[in-house]
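Read the structure below first, then the notes.
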Amino acid sequence: MPINNYKGFVRMTGFCKTKIPAEITAALDPIKDNEEAVKAYGIHLGTEMCKKILASGIKTLHLYTLNMEKSALAILMNLGLIEESKVSRPLPWRPPTNVFRVKEDVRPIFWANRPKSYITRTLGWDQYPHGRWGDSRNPSYGALTDHQFTRPRGRGKKLQEEWAVPLKSVEDISERFTNFCEGKLTSSPWSELDGLQPETKIIDDQLVKINQKGFLTINSQPAVNGEKSDSPTVGWGGPGGYVYQKAYLELFCAKDKLDQLVEKIKAFPALTYIAVNKDGESFSNIPANAVNAVTWGVFPGKEIIQPTVVDSASFMVWKDEAFEIWTRGWGCLFPEGDSSRELLEKVQKSYYLVSLVDNDYIHGDLFAAFKEL
């Protein structure tokens, strides 16, 4: 079982009464507060141990993941036993191991970068969407708690380093978002994941440009028209199928910029949007309870799978969490009364959260609406 974090390692070895070799203790002690360094050491140690096991003539390895498969996969790739391009995702998002959610295969796209939060907010559901999203008004999402805003120590430290910089203007805020899209930052208050996801890198140049204009993106996906399901960037569902996506953008912006964008959207009939502010004032060009499939796959011998949707009702639930992150995810990195914290609170109260879908996944260009703004 790879070492993924120091506290978990100490807890597990204490529980099992495992004798830890002195060289491992010596290697971990200087880096125990650096989660990424501990994880990297765990991969290195696991790789070397497996090499010795295989060299002794044993042909079988059993790696425990405890639902944290990245380190185990890294070890197997280091050993040359699997290729990174051959590691397929069963769905665009990682299915939970909870036995009660085993059939779940549809989710709103809004929590794509915050899967743990989505799971905690839907724990009380009697049934989970299977085959189609259905009517999201029936189950109720759990209330926001401190749990949605707690983070591992290593991630908190990374956010402190990358996002707790002095902010004197909205241009400084825009710069943080731009740097994240350029890959200069590896963390985001709006994401539980590490850095940009592979498919996001397809459109990172366009994301940089609109963030520089003050449209602050927190979620996105490129249009995909019939890519093979084993594609290393956008593939999912295993080999033999084809996957499709509508281009999607989710962003924060000031009211004046939103007014300009809405006016431009009138010239693009395939674009649909929902916009809402912290107080719940909203407007849209789609029906109030519309559900739009934005990701789907076609596989041999199966019905069409549509694992990701834009659901208007769920968006109004998600917006509370998204706006809270301005203060409880980012503002909290600054001392009480700090001018940077006050600026973030001002943005939180005045900006709108916007969900945009380009329904023309063949010829559409979602970013065309931003070009002359």
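Residue numbers start at 1 in each chain; chains themselves are named A, B, ... in the order of the structure tokens; ligands are numbered from 1 in the order shown.
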
Set out as a Markdown table a contact list for segment 276-358 of chain A and segment 110-130 of chain A with a cut-off of 12 Å, giving each residue of segment 276-358 of chain A that qualifies its closest atom pair and distance in Å to one decimal, counting only C-alpha atoms, ordered by chain and rising residue number.
| residue | atom | partner | partner_atom | distance |
| --- | --- | --- | --- | --- |
| A:Val294 | CA | A:Phe110 | CA | 11.5 |
| A:Glu303 | CA | A:His130 | CA | 11.9 |
| A:Ile304 | CA | A:His130 | CA | 11.9 |
| A:Ile305 | CA | A:His130 | CA | 9.4 |
| A:Gln306 | CA | A:His130 | CA | 9.5 |
| A:Pro307 | CA | A:His130 | CA | 8.8 |
| A:Thr308 | CA | A:Ala112 | CA | 9.0 |
| A:Val309 | CA | A:Phe110 | CA | 8.8 |
| A:Val310 | CA | A:Phe110 | CA | 7.6 |
| A:Asp311 | CA | A:Phe110 | CA | 9.0 |
| A:Ser312 | CA | A:Phe110 | CA | 10.5 |
| A:Ala313 | CA | A:Phe110 | CA | 11.5 |
| A:Ser314 | CA | A:Phe110 | CA | 8.3 |
| A:Phe315 | CA | A:Phe110 | CA | 7.0 |
| A:Met316 | CA | A:Phe110 | CA | 10.3 |
| A:Val317 | CA | A:Phe110 | CA | 9.8 |
| A:Trp318 | CA | A:Phe110 | CA | 6.8 |
| A:Lys319 | CA | A:Phe110 | CA | 9.0 |
| A:Asp320 | CA | A:Phe110 | CA | 11.7 |
| A:Glu321 | CA | A:Ser117 | CA | 9.4 |
| A:Ala322 | CA | A:Phe110 | CA | 9.2 |
| A:Ile325 | CA | A:Arg114 | CA | 11.5 |
| A:Leu353 | CA | A:Phe110 | CA | 11.3 |
| A:Val354 | CA | A:Phe110 | CA | 11.0 |
| A:Ser355 | CA | A:Phe110 | CA | 8.8 |
| A:Leu356 | CA | A:Phe110 | CA | 11.3 |

Those same residues - N, CA and C atoms - I'd like them written as a compact mmCIF listing (two decimals), in the first residue's frame.
# COMPACT_ATOMS: atom_id res chain seq x y z
N VAL A 294 -24.63 17.28 -21.73
CA VAL A 294 -23.47 17.92 -22.34
C VAL A 294 -22.32 16.94 -22.59
N GLU A 303 -26.97 1.03 -24.54
CA GLU A 303 -27.70 2.24 -24.81
C GLU A 303 -26.75 3.44 -24.70
N ILE A 304 -27.14 4.56 -25.26
CA ILE A 304 -26.31 5.76 -25.16
C ILE A 304 -26.20 6.17 -23.68
N ILE A 305 -24.97 6.45 -23.26
CA ILE A 305 -24.71 6.87 -21.88
C ILE A 305 -24.51 8.38 -21.87
N GLN A 306 -25.20 9.07 -20.98
CA GLN A 306 -25.06 10.54 -20.87
C GLN A 306 -24.71 10.91 -19.43
N PRO A 307 -23.43 10.85 -19.07
CA PRO A 307 -23.03 10.97 -17.66
C PRO A 307 -22.97 12.38 -17.10
N THR A 308 -23.03 13.42 -17.96
CA THR A 308 -22.89 14.78 -17.46
C THR A 308 -23.98 15.67 -18.04
N VAL A 309 -24.66 16.42 -17.17
CA VAL A 309 -25.75 17.28 -17.62
C VAL A 309 -25.60 18.67 -17.02
N VAL A 310 -26.25 19.64 -17.68
CA VAL A 310 -26.46 20.98 -17.11
C VAL A 310 -27.93 21.03 -16.70
N ASP A 311 -28.15 21.12 -15.41
CA ASP A 311 -29.50 21.09 -14.84
C ASP A 311 -29.76 22.42 -14.13
N SER A 312 -30.78 23.14 -14.57
CA SER A 312 -31.05 24.48 -14.04
C SER A 312 -31.29 24.47 -12.53
N ALA A 313 -32.07 23.49 -12.06
CA ALA A 313 -32.39 23.44 -10.63
C ALA A 313 -31.13 23.20 -9.80
N SER A 314 -30.27 22.29 -10.25
CA SER A 314 -29.03 22.01 -9.52
C SER A 314 -28.07 23.19 -9.56
N PHE A 315 -28.10 23.95 -10.65
CA PHE A 315 -27.23 25.13 -10.75
C PHE A 315 -27.55 26.14 -9.64
N MET A 316 -28.83 26.26 -9.30
CA MET A 316 -29.22 27.19 -8.25
C MET A 316 -28.78 26.71 -6.87
N VAL A 317 -28.57 25.39 -6.73
CA VAL A 317 -28.00 24.85 -5.49
C VAL A 317 -26.49 25.07 -5.48
N TRP A 318 -25.86 24.77 -6.61
CA TRP A 318 -24.41 24.90 -6.72
C TRP A 318 -23.95 26.36 -6.53
N LYS A 319 -24.77 27.32 -6.98
CA LYS A 319 -24.33 28.73 -6.92
C LYS A 319 -24.02 29.15 -5.49
N ASP A 320 -24.76 28.63 -4.50
CA ASP A 320 -24.48 28.99 -3.10
C ASP A 320 -23.07 28.57 -2.70
N GLU A 321 -22.69 27.37 -3.09
CA GLU A 321 -21.35 26.86 -2.78
C GLU A 321 -20.29 27.65 -3.53
N ALA A 322 -20.54 27.91 -4.83
CA ALA A 322 -19.57 28.63 -5.65
C ALA A 322 -19.30 30.03 -5.11
N ILE A 325 -17.20 30.15 -1.79
CA ILE A 325 -15.77 29.89 -1.93
C ILE A 325 -14.97 31.20 -2.01
N LEU A 353 -22.59 34.51 -11.44
CA LEU A 353 -22.09 33.20 -11.86
C LEU A 353 -22.85 32.83 -13.12
N VAL A 354 -22.11 32.45 -14.16
CA VAL A 354 -22.72 32.19 -15.47
C VAL A 354 -22.35 30.79 -15.95
N SER A 355 -23.35 30.06 -16.41
CA SER A 355 -23.18 28.75 -17.04
C SER A 355 -23.51 28.89 -18.52
N LEU A 356 -22.57 28.50 -19.39
CA LEU A 356 -22.73 28.66 -20.84
C LEU A 356 -22.55 27.32 -21.54

Check: Near segment 59-72 of chain A, counting only C-alpha atoms, which residues have an atom at most 10 Å away, once you skip same-chain residues fewer than 5 positions from it, shown as a count of residues only?
Finding: 18

Check: Interatomic distance between atom CA of Lys168 of chain A and atom CA of Lys257 of chain A?
Finding: 20.0 Å

Check: Looking only at the backbone, which of the residues in segment 256-337 of chain A does DSSP tag as helix (DSSP H, G or I), as a PyMOL selection string?
Finding: chain A and resi 256-265+312-333

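The shell of residues at most 8 Å from segment 248-252 of chain A, with only C-alpha atoms counted and near chain neighbours (fewer than 4 positions) removed, consists of A:Phe215, A:Leu216, A:Thr217, A:Ile218, A:Asn219, A:Ser220, A:Gln221, A:Pro222, A:Ala223, A:Val294, A:Tyr351, A:Tyr352, A:Leu353, A:Val354, A:Ser355, A:Leu356, A:Val357, A:Asp358, A:Leu366.
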
Could those selected residues go to a file with C-alpha atoms, as a CSV table (one decimal), in the first residue's frame?
chain,number,residue,atom,x,y,z
A,215,PHE,CA,-14.4,36.6,-17.2
A,216,LEU,CA,-13.2,34.4,-14.4
A,217,THR,CA,-13.5,30.7,-15.4
A,218,ILE,CA,-13.9,28.0,-12.8
A,219,ASN,CA,-15.1,25.0,-15.0
A,220,SER,CA,-15.0,24.2,-18.7
A,221,GLN,CA,-14.9,21.5,-21.3
A,222,PRO,CA,-14.1,21.6,-25.0
A,223,ALA,CA,-16.5,20.4,-27.8
A,294,VAL,CA,-23.5,17.9,-22.3
A,351,TYR,CA,-20.6,39.4,-9.5
A,352,TYR,CA,-22.7,36.9,-11.4
A,353,LEU,CA,-22.1,33.2,-11.9
A,354,VAL,CA,-22.7,32.2,-15.5
A,355,SER,CA,-23.2,28.7,-17.0
A,356,LEU,CA,-22.7,28.7,-20.8
A,357,VAL,CA,-23.4,25.8,-23.3
A,358,ASP,CA,-22.7,25.7,-27.0
A,366,LEU,CA,-18.2,29.1,-27.7

Notebook entry, point to check: DSSP says strand (DSSP E or B) for which residues of segment 264-358 of chain A? Put them as a ChimeraX atom specification?
Noted result: /A:271-277,282-284,291-298,305-311,352-358
